[in-house]
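Each remark here refers to the structure printed beneath this line.
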Amino acid sequence: MVLPVVAGVDGSAESLAAAEWAAREAVRRAQPLHLVHIWHWHPRQREGEIANAAQRHLAGRSLRQAEERVRAAYPDIRLSDEQMEGPATAALLKVADQADLMVLGSRGLSGFTGFLVGSVALGVVARSERPVVLVRVGEEAADEHVLAGDGGASTDTHCRDVVLAIDLHDACDQVIEFAFEAARLRHARLRVVHAWQEPSPLTLGAGDIGLGNDPQRSDEWLGFLKAVLQGWRDKYPDVEVLETVVEDNAPTTLVRASTGASLLVADAYRPFGGALLDPAADDRAADVTRDHRAKRTRLRPSARCRVHDEVVDRVPLRVEVAVARDEP
């Protein structure tokens with residue numbers, strides 16, 4: 001069974017950009033595209049019937065708008081759509097389970113008609129077992145490509161780098177594989193970046209690298225990174241790989257690494273040690289819950305993580321991917 005690429009749409013400019021990016025990715029992967037709109041059911045009889053009818057009408061209009069945009073760019077794409085009842089995060093997670101990839105606008109409407117606000121997208125990223133792509137408004141096909149010789153935007157030039165943010169303390173195979181496959185599909189170079197900071201006597205734990213000076217430590221991390229990626233290099237011999245280790249904090253490194261990239265791929269749980277979605281980064285900004293099945297801490301759907309918002313708002317490119325991991 002070929003799983004579809006799924007895009008959540010709500011009529012916002014961000015969700016339309018997400019739908020178009022999802023269509024381009026579906027064509028690239030030779031997969032169908034499925035558009036979904038979530039609306040909230042009202043339980044009170046009289047008010048509920050009117051509100052539900054209005055929401056169904058708005059949902060249909062949002063889906064038609066997204067379909068028209070997709071068809072205009074990719075007329076032969078295999079396309080389907082669906083309306084679902086909310087809550088938004090739970091409904092999106094349900095449809096994501098049947099998808100190869102979930103694509104959302106990174107900002108969307110709030111209030112009566114919109115559901116792709118930051119907290120919902122963040123909740124889906126934190127809990128989804130499938131890769132989740134966040135697309136900002138203004139993303140276009142030419143953004144994935146280097147500029148033409150005359151300095152203009154073009155889709156005929158080669159693709160910009162795919163950037164993989166990796167934490168060598170806890171590297172995840174699912175995340176690495178997604179990044180290599182994304183680079184292969186785009187015929188792009190894969191740039192793998194690890195950020196490290198000099199440990200103090202209080203933070204240096206058993207098994208941590210503790211060399212005498214910075215150049216030695218940097219070389220050690222680079223050798224470790226190359227060793228982690230060697231098996232993937234063998235599996236993807238056609239993918240050019242550039243390994244980079246940087247002595248700096250994770251958010252700053254993430255922002256710098258993504259400059260000029262076509263795609264940023266990160267672990268949904270531990271990018272650079274948790275720069276995006278680690279609830280422990282700021283207990284005041286996020287409620288946390290323990291998912292015992294996955295044996296790791298995750299954000300509740302409504303939680304906000306200040307570190308995540310700080311990084312996302314500073315990342316210069318318009319497309320980011322968070323990849324979940326399977327853990328026993």
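Residues in the structure tokens are named by chain (A, B, ... in the order shown) and by number from 1 within that chain; ligands are numbered from 1 in the order shown.
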_Please list as number ranges by chain every residue within 10 Å of range 184-194 of chain A, counting only C-alpha atoms and excluding residues in the same chain fewer than 6 positions away._
A: 25, 28-29, 144-145, 158-169, 176, 178, 221-222, 225-226, 229, 236-248, 250, 253-254, 257-258, 261-265, 271-273
_Polymer residues at most 10 Å from Leu79 in chain A, only C-alpha atoms, same-chain spacing of 2 or more positions, as a list in words_ =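 Non-adjacent residues within range: Pro4, Val5, Ala23, Ala26, Gln31, Pro32, Leu33, His34, Leu35, Glu67, Val70, Arg71, Tyr74, Pro75, Asp76, Ile77 and Asp81 of chain A.
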_With only C-alpha atoms as the counted atoms, please give the residues lying no more than 7 Å from Ala7 in chain A, apart from itself and same-chain residues fewer than 4 positions off, as a list of chain:residue names._
A:Ala18, A:Ala19, A:Ala22, A:His34, A:Leu35, A:Val36, A:Met102, A:Val103, A:Leu104
*Please give the complete set of residues from range 9-234 of chain A that DSSP, run on the backbone, assigns to strand (DSSP E or B), formatted as a PyMOL selection string.*
chain A and resi 33-39+79-85+101-105+132-135+145+159+162-165+190-196
Write a file of the selected residues as a compact mmCIF listing (two decimals), in the first residue's frame, keeping N, CA and C atoms.
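In the end it all went to again_24.txt:
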# COMPACT_ATOMS: atom_id res chain seq x y z
N LEU A 33 -1.47 12.68 -2.98
CA LEU A 33 -1.60 13.77 -2.01
C LEU A 33 -3.01 13.75 -1.43
N HIS A 34 -3.09 13.88 -0.12
CA HIS A 34 -4.38 13.90 0.57
C HIS A 34 -4.48 15.19 1.37
N LEU A 35 -5.51 16.01 1.08
CA LEU A 35 -5.73 17.25 1.80
C LEU A 35 -6.80 17.03 2.86
N VAL A 36 -6.58 17.60 4.05
CA VAL A 36 -7.53 17.41 5.14
C VAL A 36 -7.80 18.74 5.84
N HIS A 37 -9.07 18.95 6.15
CA HIS A 37 -9.48 20.13 6.92
C HIS A 37 -10.19 19.65 8.18
N ILE A 38 -9.83 20.24 9.31
CA ILE A 38 -10.43 19.87 10.60
C ILE A 38 -11.41 20.95 11.04
N TRP A 39 -12.61 20.54 11.44
CA TRP A 39 -13.55 21.50 12.00
C TRP A 39 -14.13 20.94 13.29
N LEU A 79 -4.96 13.11 -6.28
CA LEU A 79 -5.39 14.03 -5.23
C LEU A 79 -6.71 13.59 -4.62
N SER A 80 -6.78 13.65 -3.30
CA SER A 80 -8.02 13.39 -2.59
C SER A 80 -8.13 14.39 -1.45
N ASP A 81 -9.35 14.50 -0.86
CA ASP A 81 -9.52 15.43 0.26
C ASP A 81 -10.50 14.85 1.26
N GLU A 82 -10.52 15.46 2.44
CA GLU A 82 -11.34 14.95 3.53
C GLU A 82 -11.61 16.04 4.54
N GLN A 83 -12.86 16.07 5.06
CA GLN A 83 -13.19 16.89 6.21
C GLN A 83 -13.27 16.00 7.43
N MET A 84 -12.71 16.46 8.56
CA MET A 84 -12.73 15.69 9.80
C MET A 84 -13.17 16.59 10.95
N GLU A 85 -13.80 15.99 11.95
CA GLU A 85 -14.14 16.72 13.15
C GLU A 85 -12.96 16.75 14.10
N LEU A 101 3.97 11.18 5.25
CA LEU A 101 4.51 12.48 5.62
C LEU A 101 3.35 13.42 5.89
N MET A 102 3.44 14.19 6.96
CA MET A 102 2.42 15.19 7.28
C MET A 102 3.01 16.58 7.07
N VAL A 103 2.28 17.44 6.36
CA VAL A 103 2.76 18.79 6.05
C VAL A 103 1.77 19.80 6.60
N LEU A 104 2.28 20.77 7.37
CA LEU A 104 1.44 21.79 8.00
C LEU A 104 2.03 23.17 7.78
N GLY A 105 1.16 24.17 7.79
CA GLY A 105 1.63 25.55 7.84
C GLY A 105 2.18 25.84 9.22
N VAL A 132 6.95 15.25 10.25
CA VAL A 132 6.08 16.41 10.10
C VAL A 132 6.89 17.55 9.50
N VAL A 133 6.37 18.11 8.41
CA VAL A 133 7.02 19.23 7.73
C VAL A 133 6.27 20.51 8.07
N LEU A 134 6.99 21.54 8.47
CA LEU A 134 6.41 22.85 8.73
C LEU A 134 6.82 23.80 7.61
N VAL A 135 5.83 24.40 6.97
CA VAL A 135 6.07 25.27 5.81
C VAL A 135 5.55 26.66 6.13
N HIS A 145 16.12 25.81 -4.87
CA HIS A 145 17.20 25.78 -5.85
C HIS A 145 18.13 26.98 -5.69
N CYS A 159 19.45 21.71 -6.59
CA CYS A 159 18.85 22.00 -5.31
C CYS A 159 19.89 22.45 -4.28
N VAL A 162 20.44 19.93 1.72
CA VAL A 162 19.58 19.46 2.80
C VAL A 162 20.45 19.46 4.06
N VAL A 163 19.96 20.07 5.14
CA VAL A 163 20.72 20.16 6.38
C VAL A 163 20.12 19.23 7.42
N LEU A 164 20.96 18.41 8.01
CA LEU A 164 20.55 17.52 9.09
C LEU A 164 21.19 17.99 10.39
N ALA A 165 20.37 18.36 11.36
CA ALA A 165 20.84 18.71 12.69
C ALA A 165 20.88 17.43 13.52
N LEU A 190 24.05 16.67 1.23
CA LEU A 190 23.57 16.58 2.61
C LEU A 190 24.63 17.17 3.53
N ARG A 191 24.27 18.21 4.25
CA ARG A 191 25.18 18.84 5.20
C ARG A 191 24.72 18.45 6.61
N VAL A 192 25.57 17.72 7.33
CA VAL A 192 25.23 17.22 8.66
C VAL A 192 25.99 18.03 9.69
N VAL A 193 25.26 18.59 10.66
CA VAL A 193 25.84 19.53 11.60
C VAL A 193 25.60 19.05 13.03
N HIS A 194 26.68 19.04 13.81
CA HIS A 194 26.58 18.74 15.24
C HIS A 194 27.16 19.92 16.02
N ALA A 195 26.42 20.38 17.02
CA ALA A 195 26.89 21.46 17.89
C ALA A 195 27.35 20.90 19.22
N TRP A 196 28.47 21.40 19.71
CA TRP A 196 28.98 20.96 21.00
C TRP A 196 29.49 22.16 21.78
*Between A:Leu16, A:Leu93, A:Ala142, A:Ala99, which is the closest to Leu122 in chain A once you count only C-alpha atoms?*
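For Leu122 in chain A, the nearest of the candidates is A:Leu93.
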_If I take CA of Arg217 in chain A and CA of Cys172 in chain A, how far is one from the other in Å, to one decimal?_
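CA of Cys172 in chain A lies at a distance of 22.3 Å from CA of Arg217 in chain A.
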